[in-house]
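So this block is query-v2.cif, mmCIF, C-alpha atoms and all ligand atoms:
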```cif
data_upload
loop_
_atom_site.label_atom_id
_atom_site.label_comp_id
_atom_site.auth_asym_id
_atom_site.auth_seq_id
_atom_site.Cartn_x
_atom_site.Cartn_y
_atom_site.Cartn_z
CA MET M 115 2.52 -89.75 9.68
CA THR M 116 6.18 -90.50 10.51
CA ASP M 117 8.83 -88.10 9.26
CA LEU M 118 10.33 -90.98 7.29
CA LYS M 119 7.00 -91.73 5.59
CA THR M 120 6.81 -88.11 4.44
CA ARG M 121 10.32 -88.32 3.02
CA ILE M 122 9.61 -91.65 1.29
CA LEU M 123 6.46 -90.20 -0.32
CA GLU M 124 8.53 -87.21 -1.51
CA ASP M 125 11.28 -89.48 -2.81
CA ILE M 126 8.75 -91.54 -4.81
CA ALA M 127 7.12 -88.37 -6.18
CA LEU M 128 10.55 -87.16 -7.30
CA THR M 129 12.31 -90.29 -8.53
CA GLY M 130 9.54 -92.85 -9.05
CA PRO M 131 8.72 -96.23 -7.51
CA MET M 132 11.18 -97.45 -4.87
CA PRO M 133 12.50 -101.03 -4.95
CA LEU M 134 11.55 -102.90 -1.77
CA SER M 135 15.25 -103.37 -0.95
CA ARG M 136 15.78 -99.62 -0.79
CA TYR M 137 12.61 -99.18 1.28
CA MET M 138 13.92 -101.81 3.72
CA ASN M 139 17.32 -100.08 3.89
CA LEU M 140 15.73 -96.72 4.65
CA CYS M 141 13.30 -98.09 7.23
CA LEU M 142 16.08 -99.85 9.14
CA GLY M 143 19.07 -97.60 8.55
CA ASP M 144 17.95 -94.03 7.78
CA PRO M 145 20.35 -91.92 9.89
CA VAL M 146 17.51 -89.86 11.40
CA SER M 147 14.54 -92.20 11.65
CA GLY M 148 15.79 -95.72 10.83
CA TYR M 149 14.44 -98.44 13.10
CA TYR M 150 17.83 -99.53 14.48
CA MET M 151 19.38 -96.07 14.51
CA THR M 152 17.32 -94.59 17.26
CA ARG M 153 16.25 -97.37 19.61
CA ASP M 154 17.08 -100.54 21.49
CA PRO M 155 14.42 -102.93 20.16
CA PHE M 156 15.24 -106.00 22.25
CA GLY M 157 13.51 -107.81 25.08
CA GLN M 158 10.00 -108.46 26.29
CA LYS M 159 9.12 -104.77 26.30
CA GLY M 160 10.69 -104.31 22.86
CA ASP M 161 9.82 -105.81 19.50
CA PHE M 162 11.78 -109.08 19.61
CA THR M 163 14.09 -111.08 21.87
CA THR M 164 17.35 -112.52 20.57
CA ALA M 165 19.18 -115.60 21.87
CA PRO M 166 21.99 -113.71 23.68
CA GLU M 167 19.30 -111.78 25.57
CA VAL M 168 17.57 -115.03 26.58
CA SER M 169 20.55 -116.37 28.52
CA GLN M 170 24.28 -115.92 29.15
CA MET M 171 24.64 -119.61 28.21
CA PHE M 172 24.23 -118.80 24.52
CA GLY M 173 27.26 -116.48 24.42
CA GLU M 174 29.33 -118.70 26.69
CA LEU M 175 28.89 -121.70 24.40
CA ILE M 176 29.75 -119.58 21.38
CA GLY M 177 32.83 -118.34 23.26
CA ALA M 178 33.84 -122.00 23.72
CA TRP M 179 33.28 -122.57 20.00
CA LEU M 180 35.56 -119.62 19.17
CA VAL M 181 38.27 -121.10 21.40
CA SER M 182 37.97 -124.41 19.49
CA ALA M 183 38.21 -122.56 16.18
CA TRP M 184 41.32 -120.68 17.41
CA GLN M 185 42.89 -124.01 18.39
CA ALA M 186 42.00 -125.52 15.00
CA LEU M 187 43.88 -122.61 13.41
CA GLY M 188 46.97 -123.68 15.39
CA SER M 189 46.46 -121.24 18.31
CA PRO M 190 47.92 -118.22 16.46
CA SER M 191 49.55 -115.60 18.71
CA ARG M 192 47.47 -112.81 17.13
CA ILE M 193 43.82 -113.10 16.15
CA ARG M 194 40.85 -110.88 15.40
CA VAL M 195 37.34 -111.63 16.63
CA ALA M 196 34.71 -109.67 14.69
CA GLU M 197 30.99 -109.42 15.31
CA LEU M 198 28.44 -108.17 12.80
CA GLY M 199 25.36 -106.46 14.27
CA PRO M 200 26.18 -106.94 17.97
CA GLY M 201 22.93 -105.41 19.35
CA ARG M 202 23.50 -104.63 23.03
CA GLY M 203 26.95 -106.30 23.05
CA THR M 204 25.71 -109.11 25.28
CA LEU M 205 26.91 -111.94 23.03
CA MET M 206 30.47 -110.57 22.88
CA ALA M 207 30.59 -109.92 26.63
CA ASP M 208 29.50 -113.51 27.33
CA CYS M 209 31.94 -114.91 24.73
CA LEU M 210 34.79 -112.96 26.30
CA ARG M 211 34.17 -114.47 29.75
CA CYS M 212 34.69 -117.88 28.21
CA MET M 213 37.63 -116.91 25.95
CA ALA M 214 39.37 -115.40 29.00
CA LEU M 215 40.07 -118.97 30.10
CA GLU M 216 42.76 -119.04 27.35
CA PRO M 217 45.38 -116.42 28.32
CA LYS M 218 47.39 -116.90 25.11
CA LEU M 219 44.30 -116.17 23.02
CA MET M 220 43.49 -113.09 25.10
CA ARG M 221 47.03 -111.66 24.83
CA GLY M 222 46.87 -111.44 21.04
CA LEU M 223 43.17 -110.63 20.68
CA GLN M 224 41.74 -107.65 18.79
CA ILE M 225 37.97 -107.21 18.67
CA ASP M 226 36.14 -105.47 15.81
CA MET M 227 32.47 -104.65 16.41
CA VAL M 228 30.47 -103.75 13.31
CA ASP M 229 27.20 -101.86 13.68
CA MET M 230 25.45 -99.04 11.85
CA SER M 231 23.43 -97.92 14.87
CA PRO M 232 24.80 -95.13 17.07
CA THR M 233 22.32 -96.06 19.81
CA LEU M 234 23.34 -99.72 19.89
CA THR M 235 27.04 -98.90 19.47
CA ALA M 236 26.79 -96.79 22.63
CA ALA M 237 25.17 -99.74 24.45
CA GLN M 238 27.97 -102.05 23.25
CA GLN M 239 30.65 -99.59 24.34
CA LYS M 240 29.14 -99.46 27.80
CA LYS M 241 28.87 -103.23 28.03
CA LEU M 242 32.47 -103.77 26.89
CA SER M 243 34.01 -100.83 28.75
CA HIS M 244 36.10 -103.22 30.86
CA ALA M 245 36.95 -105.67 28.08
CA PRO M 246 40.35 -107.27 28.70
CA CYS M 247 41.55 -106.55 25.12
CA PRO M 248 41.40 -103.75 22.53
CA VAL M 249 37.94 -103.23 20.99
CA ARG M 250 37.22 -101.05 17.95
CA TRP M 251 33.91 -100.06 16.36
CA HIS M 252 33.10 -99.77 12.66
CA SER M 253 30.08 -99.31 10.41
CA SER M 254 31.28 -102.06 8.05
CA LEU M 255 33.78 -104.91 8.40
CA PRO M 256 37.30 -103.53 7.93
CA ASP M 257 39.97 -105.59 6.16
CA SER M 258 42.58 -107.15 8.39
CA ASP M 259 45.80 -109.11 7.93
CA LEU M 260 44.97 -111.21 10.99
CA PRO M 261 43.16 -114.53 10.95
CA THR M 262 39.56 -113.68 11.84
CA LEU M 263 36.90 -115.44 13.88
CA LEU M 264 33.58 -113.83 12.97
CA ILE M 265 30.16 -114.14 14.55
CA ALA M 266 26.83 -112.84 13.35
CA ASN M 267 23.60 -113.57 15.21
CA GLU M 268 20.41 -112.23 13.60
CA PHE M 269 22.41 -109.91 11.34
CA PHE M 270 21.76 -111.28 7.86
CA ASP M 271 17.97 -111.18 8.31
CA ALA M 272 18.22 -107.40 8.65
CA LEU M 273 19.93 -106.97 5.27
CA PRO M 274 17.61 -106.01 2.41
CA VAL M 275 15.81 -108.44 0.15
CA HIS M 276 14.42 -108.05 -3.35
CA ILE M 277 11.15 -109.71 -4.28
CA LEU M 278 10.88 -110.81 -7.91
CA VAL M 279 7.76 -112.13 -9.61
CA LYS M 280 7.48 -114.17 -12.80
CA THR M 281 4.85 -112.38 -14.89
CA GLN M 282 3.54 -112.82 -18.44
CA LYS M 283 5.71 -109.84 -19.41
CA GLY M 284 8.89 -111.16 -17.84
CA ILE M 285 10.47 -110.80 -14.40
CA ALA M 286 9.10 -107.93 -12.30
CA GLU M 287 10.43 -106.52 -9.02
CA ARG M 288 8.29 -105.45 -6.08
CA HIS M 289 8.40 -101.70 -5.59
CA VAL M 290 6.85 -99.30 -3.11
CA ILE M 291 4.58 -96.78 -4.85
CA THR M 292 2.14 -94.05 -3.90
CA SER M 293 -1.50 -94.91 -4.46
CA GLN M 294 -4.08 -92.44 -5.77
CA GLU M 295 -5.19 -91.76 -2.18
CA GLY M 296 -1.61 -90.77 -1.33
CA LYS M 297 -0.87 -93.96 0.63
CA LEU M 298 2.11 -96.28 0.26
CA GLY M 299 1.39 -99.45 -1.71
CA PHE M 300 3.18 -102.25 -3.56
CA ALA M 301 3.52 -102.76 -7.32
CA ASP M 302 5.50 -105.32 -9.32
CA LEU M 303 7.38 -103.42 -12.01
CA PRO M 304 10.04 -104.08 -14.68
CA THR M 305 13.55 -104.62 -13.34
CA LYS M 306 17.13 -105.24 -14.42
CA LEU M 307 17.47 -107.97 -11.79
CA THR M 308 16.95 -111.51 -12.93
CA ILE M 309 17.05 -115.11 -11.83
CA SER M 310 18.41 -118.20 -13.56
CA GLN M 311 16.62 -119.33 -16.73
CA SER M 312 16.14 -122.81 -15.23
CA GLN M 313 14.24 -121.32 -12.26
CA ILE M 314 12.12 -119.25 -14.64
CA ASP M 315 11.38 -122.26 -16.85
CA ALA M 316 10.49 -124.53 -13.93
CA THR M 317 7.89 -122.28 -12.31
CA PRO M 318 4.40 -121.05 -13.24
CA PHE M 319 3.46 -117.40 -13.80
CA GLY M 320 2.92 -115.60 -10.53
CA THR M 321 5.80 -117.39 -8.77
CA VAL M 322 7.56 -115.17 -6.25
CA PHE M 323 11.31 -115.27 -5.55
CA GLU M 324 13.13 -113.54 -2.71
CA LEU M 325 16.79 -112.81 -3.17
CA SER M 326 19.46 -110.73 -1.53
CA PRO M 327 22.61 -109.86 -3.47
CA GLU M 328 23.43 -107.60 -0.47
CA ARG M 329 23.65 -110.61 1.86
CA ASN M 330 25.71 -112.53 -0.68
CA ASP M 331 28.14 -109.60 -0.93
CA VAL M 332 28.67 -109.63 2.85
CA ALA M 333 29.18 -113.42 2.84
CA ASP M 334 31.59 -113.11 -0.06
CA ASN M 335 33.61 -110.45 1.77
CA ILE M 336 33.84 -112.72 4.85
CA ALA M 337 34.85 -115.63 2.62
CA ALA M 338 37.59 -113.53 0.96
CA GLY M 339 39.05 -112.67 4.41
CA ILE M 340 38.99 -116.31 5.54
CA ASP M 341 40.56 -117.35 2.27
CA ALA M 342 43.37 -114.78 2.56
CA ASN M 343 44.32 -115.05 6.26
CA GLY M 344 42.57 -118.13 7.64
CA GLY M 345 39.70 -118.04 10.09
CA ALA M 346 36.16 -119.08 10.81
CA ALA M 347 32.71 -117.54 10.64
CA LEU M 348 29.66 -118.60 12.62
CA LEU M 349 26.39 -117.36 11.15
CA ILE M 350 23.19 -117.81 13.15
CA ASP M 351 19.84 -116.67 11.87
CA TYR M 352 16.30 -117.69 11.19
CA GLY M 353 16.16 -119.16 7.78
CA TYR M 354 15.64 -122.11 5.49
CA LEU M 355 17.90 -124.84 4.16
CA GLN M 356 16.40 -125.76 0.78
CA PRO M 357 15.98 -123.15 -1.95
CA LYS M 358 12.33 -122.17 -2.10
CA THR M 359 9.96 -119.77 -3.76
CA GLY M 360 7.67 -117.30 -2.01
CA ALA M 361 8.33 -114.19 0.06
CA THR M 362 9.18 -114.23 3.76
CA PHE M 363 9.58 -110.46 4.12
CA GLN M 364 7.73 -109.26 7.22
CA ALA M 365 7.36 -106.41 9.70
CA LEU M 366 7.32 -106.89 13.47
CA THR M 367 6.28 -104.53 16.24
CA ASN M 368 5.86 -105.63 19.81
CA HIS M 369 6.37 -109.32 18.89
CA GLN M 370 3.42 -109.06 16.42
CA MET M 371 3.31 -108.96 12.61
CA VAL M 372 2.23 -105.59 11.26
CA ASP M 373 1.78 -103.93 7.86
CA PRO M 374 5.33 -103.10 6.63
CA LEU M 375 4.08 -99.95 4.87
CA ASP M 376 2.13 -98.55 7.78
CA GLN M 377 4.79 -96.82 9.86
CA PRO M 378 8.17 -96.80 8.11
CA GLY M 379 11.01 -96.73 10.64
CA GLU M 380 8.79 -97.89 13.51
CA ALA M 381 8.71 -101.63 12.76
CA ASP M 382 11.48 -104.19 12.39
CA LEU M 383 11.61 -105.36 8.75
CA THR M 384 13.18 -108.77 8.21
CA ALA M 385 13.17 -111.76 5.91
CA LEU M 386 14.27 -115.35 6.49
CA VAL M 387 17.83 -116.13 5.42
CA ASP M 388 18.41 -118.39 2.43
CA PHE M 389 21.27 -120.50 3.81
CA THR M 390 21.90 -122.29 0.50
CA SER M 391 22.77 -118.99 -1.07
CA LEU M 392 25.23 -118.07 1.73
CA GLU M 393 26.75 -121.55 1.61
CA ARG M 394 27.36 -121.12 -2.11
CA CYS M 395 29.33 -117.89 -1.47
CA PHE M 396 31.74 -119.71 0.85
CA LYS M 397 32.07 -122.85 -1.23
CA SER M 398 32.78 -120.88 -4.40
CA ARG M 399 35.98 -119.68 -2.69
CA GLY M 400 36.90 -123.15 -1.48
CA ILE M 401 35.95 -122.39 2.16
CA HIS M 402 34.86 -125.40 4.20
CA VAL M 403 31.23 -125.26 5.37
CA SER M 404 29.77 -127.11 8.38
CA GLY M 405 26.00 -127.30 8.69
CA PRO M 406 23.72 -125.53 8.48
CA VAL M 407 22.25 -127.33 11.49
CA SER M 408 19.37 -126.27 13.68
CA GLN M 409 20.12 -124.06 16.70
CA MET M 410 18.75 -126.94 18.78
CA ASP M 411 21.31 -129.45 17.47
CA PHE M 412 24.09 -126.87 17.65
CA LEU M 413 23.53 -125.81 21.26
CA LEU M 414 22.83 -129.32 22.55
CA ASP M 415 26.01 -130.60 20.91
CA LEU M 416 27.97 -127.73 22.46
CA GLY M 417 26.73 -128.79 25.91
CA LEU M 418 23.82 -126.46 26.70
CA LEU M 419 22.24 -128.92 29.13
CA GLU M 420 25.53 -129.50 30.96
CA ARG M 421 26.10 -125.74 31.25
CA ALA M 422 22.58 -125.22 32.59
CA GLY M 423 23.22 -128.00 35.10
CA GLN M 424 26.46 -126.31 36.25
CA LEU M 425 24.85 -122.91 36.62
CA GLY M 426 21.83 -124.34 38.44
CA ALA M 427 23.69 -126.59 40.86
CA ASP M 428 22.90 -125.68 44.47
CA GLN M 429 20.88 -122.66 43.33
CA SER M 430 17.36 -121.61 44.32
CA HIS M 431 14.30 -123.15 42.71
CA GLU M 432 13.67 -119.79 41.03
CA ILE M 433 17.11 -119.74 39.37
CA GLN M 434 16.76 -123.35 38.26
CA THR M 435 13.33 -122.66 36.77
CA GLY M 436 14.76 -119.63 34.94
CA LEU M 437 17.53 -121.79 33.46
CA GLN M 438 15.02 -124.42 32.36
CA GLN M 439 12.89 -121.76 30.69
CA ALA M 440 15.95 -120.38 28.90
CA VAL M 441 16.92 -123.84 27.63
CA THR M 442 13.37 -124.37 26.34
CA ARG M 443 13.37 -120.99 24.65
CA LEU M 444 16.70 -121.62 22.93
CA VAL M 445 16.23 -125.20 21.73
CA SER M 446 12.57 -126.18 21.73
CA PRO M 447 11.23 -126.73 18.20
CA ASP M 448 8.20 -124.60 19.19
CA GLU M 449 10.47 -121.68 19.99
CA MET M 450 13.91 -120.86 18.53
CA GLY M 451 15.21 -124.45 18.23
CA THR M 452 14.47 -125.33 14.63
CA LEU M 453 13.58 -122.03 12.95
CA PHE M 454 17.10 -120.78 13.70
CA LYS M 455 19.98 -122.34 11.78
CA VAL M 456 23.73 -122.25 12.31
CA LEU M 457 26.37 -122.36 9.58
CA ALA M 458 30.13 -122.40 10.11
CA ALA M 459 32.58 -121.44 7.37
CA THR M 460 36.19 -122.34 8.15
CA SER M 461 39.57 -122.26 6.46
CA PHE M 462 40.30 -125.70 8.04
CA ASP M 463 38.30 -128.89 7.70
CA ASP M 464 38.57 -130.24 11.27
CA PRO M 465 35.14 -131.32 12.54
CA MET M 466 33.85 -128.53 14.77
CA PRO M 467 31.85 -128.83 17.99
CA GLY M 468 28.18 -128.04 17.49
CA PHE M 469 28.02 -129.80 14.15
CA GLN M 470 28.18 -133.43 15.29
CA LYS M 471 24.46 -134.07 15.31
CA PRO M 472 23.43 -135.64 18.64
CA SER M 473 21.77 -139.07 18.36
N1 LIG M 501 23.24 -109.75 17.29
C1 LIG M 501 22.39 -109.03 18.21
C2 LIG M 501 21.46 -108.04 17.54
C3 LIG M 501 20.65 -108.51 16.36
S1 LIG M 501 19.63 -107.20 15.69
C4 LIG M 501 21.63 -110.01 19.06
O1 LIG M 501 21.62 -111.18 18.74
O2 LIG M 501 21.07 -109.59 20.08
C5 LIG M 501 20.55 -106.65 14.29
C6 LIG M 501 21.79 -105.84 14.61
O3 LIG M 501 22.45 -105.56 13.38
C7 LIG M 501 21.57 -104.50 15.27
O4 LIG M 501 22.63 -104.26 16.17
C8 LIG M 501 21.62 -103.52 14.08
O5 LIG M 501 21.96 -102.20 14.45
C9 LIG M 501 22.67 -104.17 13.21
N2 LIG M 501 22.54 -103.92 11.77
C10 LIG M 501 21.46 -104.15 10.99
N3 LIG M 501 21.72 -103.87 9.70
C11 LIG M 501 23.01 -103.46 9.65
C12 LIG M 501 23.88 -103.03 8.59
N4 LIG M 501 23.45 -102.96 7.34
N5 LIG M 501 25.14 -102.67 8.91
C13 LIG M 501 25.59 -102.72 10.19
N6 LIG M 501 24.81 -103.12 11.24
C14 LIG M 501 23.53 -103.48 10.98
#
```

Take the structure in the file and give it back as structure tokens.
Amino acid sequence: MTDLKTRILEDIALTGPMPLSRYMNLCLGDPVSGYYMTRDPFGQKGDFTTAPEVSQMFGELIGAWLVSAWQALGSPSRIRVAELGPGRGTLMADCLRCMALEPKLMRGLQIDMVDMSPTLTAAQQKKLSHAPCPVRWHSSLPDSDLPTLLIANEFFDALPVHILVKTQKGIAERHVITSQEGKLGFADLPTKLTISQSQIDATPFGTVFELSPERNDVADNIAAGIDANGGAALLIDYGYLQPKTGATFQALTNHQMVDPLDQPGEADLTALVDFTSLERCFKSRGIHVSGPVSQMDFLLDLGLLERAGQLGADQSHEIQTGLQQAVTRLVSPDEMGTLFKVLAATSFDDPMPGFQKPS
């Protein structure tokens, strides 16, 4: 039994059933045994592979997007670029290579990296040790007076979700409990959380809803910063575009789905991102939203194929094959192309590259 499982069982014995959101928070972020706190989970040998780890092209194109956003802001002499959940720091390192083509941007650039994981923060610090601008690290996004360009790739899916169920006795919330055999189990129990009356009225008993006030709070904080000082945010994650019922919460180990209660702290717990809900947070503050579009449309519009062609020109067959495989991985509908979505929230309403759907 993992040390975290023992502590969760004790916690439940002491304080009662644990809402799923708290269980997810503990499994991912417990300072001693949380999934992200103690390991680097990325790559083929890890539990999952993210787009920046597939190819440098991903970060380079996002770097070009950030330059466009900076220009749309009027090329301010001072700017902050912030990243939420930067993993190994690969995305930022690749972005910086591209942003370095704009010396004026680089001269006034401050980078804020936001991550809760000491292990991954150390990896980011190593990767960015020669960054050509000041870089600071934080466990949550600090306020700033500067206009901010923010990126978050596969960050929101790691924030906790609540699962609510419409029952005959009202709305119940999924909790983690201890069964009679002393094992962890699920139970849907009374809750203070609720959903809109129209959603309740329109659905049959047994309908399941997944929501994340925690994600909305983060989006709202980003929106407030953009509203106050100008800026842009680019959110990339696997998720869905139309509001829907049902739970998408899942646990992954070694690229396979596993029982989320089996080994707390050892599996990645995630849920698909409800993009409509994030969009609402930005729009309610009058922030302009582009997309969401699929990662496929976004990267193709930004010039992924052209970049692959440049990198592959005059290179060995092996390098060219590697580039082709990376392109397939990033944009094929069978891989990351359509499951992943991209949303931009901007203080300006200029049309942004990546969001002009290719014909
Ligand atoms: N963006 C990276 C890594 C994605 S994995 C990539 O694309 O490769 C999720 C990242 O978010 C990890 O770095 C993890 O440590 C961080 N993270 C997850 N939940 C967090 C939270 N609540 N606060 C801060 N960082 C968090």

Problem - Best match for closeness to ligand LIG 501 (chain M) among M:Pro318, M:Pro232, M:Gly400, M:Gly188, counting all atoms listed in the file - result: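 Of M:Pro318, M:Pro232, M:Gly400, M:Gly188, the one nearest ligand LIG 501 (chain M), counting all atoms listed in the file, is M:Pro232.
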
Exercise for the section: Write out as number ranges by chain the residues lying within 8 Å of M:Ile225, counting all atoms listed in the file and excluding same-chain residues fewer than 6 positions away. Expected result: M: 194-196, 247-250

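Atom to atom, atom CA of M:Glu174 and atom CA of M:Tyr352 stand 20.3 Å apart.
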
Problem - Counting only C-alpha atoms, the residue of M:Asn343, M:Thr163, M:Thr129, M:Thr362 that sits nearest M:Asp271 - result: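 Smallest separation from M:Asp271 among the options: M:Thr362.
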
Exercise for the section: Could you give me the residues within 6 Å of ligand LIG 501 (chain M), counting all atoms listed in the file, as a VMD selection string? Expected result: chain M and resid 150 164 to 166 199 to 201 228 to 231 234 253 267 to 269 272 to 273

Problem - Surrounding residues of M:Ser461 excluding itself and chain neighbours under 3 positions, 12 Å, only C-alpha atoms, as number ranges by chain - result: M: 183-184, 186-188, 261-263, 336-347, 396-397, 399-404, 458, 464-466

Practice task
Find, counting only C-alpha atoms, the residue in M:Gln409, M:Ala286, M:Ser182, M:Asp428 that gets nearest to M:Arg443.
Solution key: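 Looking only at the distances to M:Arg443, the closest residue turns out to be M:Gln409.
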
Problem - Nearest to M:Asp351, chosen from M:Lys455, M:Lys297, M:Lys306, M:Arg421, with all atoms listed in the file counted in the distances - result: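 When distances to M:Asp351 are compared using all atoms listed in the file, the smallest one comes from M:Lys455.
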
Practice task
Name all residues at most 9 Å from M:Gly451 (count all atoms listed in the file; drop same-chain ones fewer than 3 positions away) and give them as a list in words.
Solution key: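 Listing them by chain and then by number gives Ser408, Gln409, Met410, Asp411, Leu413, Thr442, Arg443, Leu444, Val445, Ser446, Pro447, Asp448, Phe454 and Lys455 of chain M.
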
Would you export the selected residues with C-alpha atoms as an mmCIF file, in the coordinates of the input, please?
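Now in out21.cif:
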```cif
data_model
loop_
_atom_site.group_PDB
_atom_site.id
_atom_site.type_symbol
_atom_site.label_atom_id
_atom_site.label_comp_id
_atom_site.auth_asym_id
_atom_site.auth_seq_id
_atom_site.Cartn_x
_atom_site.Cartn_y
_atom_site.Cartn_z
ATOM 1 C CA SER M 408 19.370 -126.270 13.680
ATOM 2 C CA GLN M 409 20.120 -124.060 16.700
ATOM 3 C CA MET M 410 18.750 -126.940 18.780
ATOM 4 C CA ASP M 411 21.310 -129.450 17.470
ATOM 5 C CA LEU M 413 23.530 -125.810 21.260
ATOM 6 C CA THR M 442 13.370 -124.370 26.340
ATOM 7 C CA ARG M 443 13.370 -120.990 24.650
ATOM 8 C CA LEU M 444 16.700 -121.620 22.930
ATOM 9 C CA VAL M 445 16.230 -125.200 21.730
ATOM 10 C CA SER M 446 12.570 -126.180 21.730
ATOM 11 C CA PRO M 447 11.230 -126.730 18.200
ATOM 12 C CA ASP M 448 8.200 -124.600 19.190
ATOM 13 C CA PHE M 454 17.100 -120.780 13.700
ATOM 14 C CA LYS M 455 19.980 -122.340 11.780
#
```

Practice task
For M:Leu418, list every protein, DNA or RNA residue within 9 Å, evaluated using all atoms listed in the file, and leave out those in the same chain fewer than 3 positions away; present the list as a ChimeraX atom specification.
Solution key: /M:171-172,175,413-415,421-423,441

Mind giving me the axis-aligned box for stretch 169-182 of chain M with 5 Å on every side, centre plus edges in Å to one decimal, as AutoDock Vina command-line options?
```
--center_x 29.4 --center_y -120.2 --center_z 24.2 --size_x 27.7 --size_y 18.5 --size_z 20.0
```

Practice task
Enter the distance from atom CA of M:His289 to atom CA of M:Pro327, in Å, rounded to one decimal.
Solution key: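 The value is 16.5 Å.
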
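Excluding M:Cys209 itself and any same-chain residue fewer than 2 positions from it, the protein and nucleic acid residues within 9 Å of it, counting all atoms listed in the file, are Gln170, Phe172, Gly173, Glu174, Leu175, Ile176, Gly177, Ala178, Leu180, Thr204, Leu205, Met206, Ala207, Arg211, Cys212, Met213 and Ala214 of chain M.
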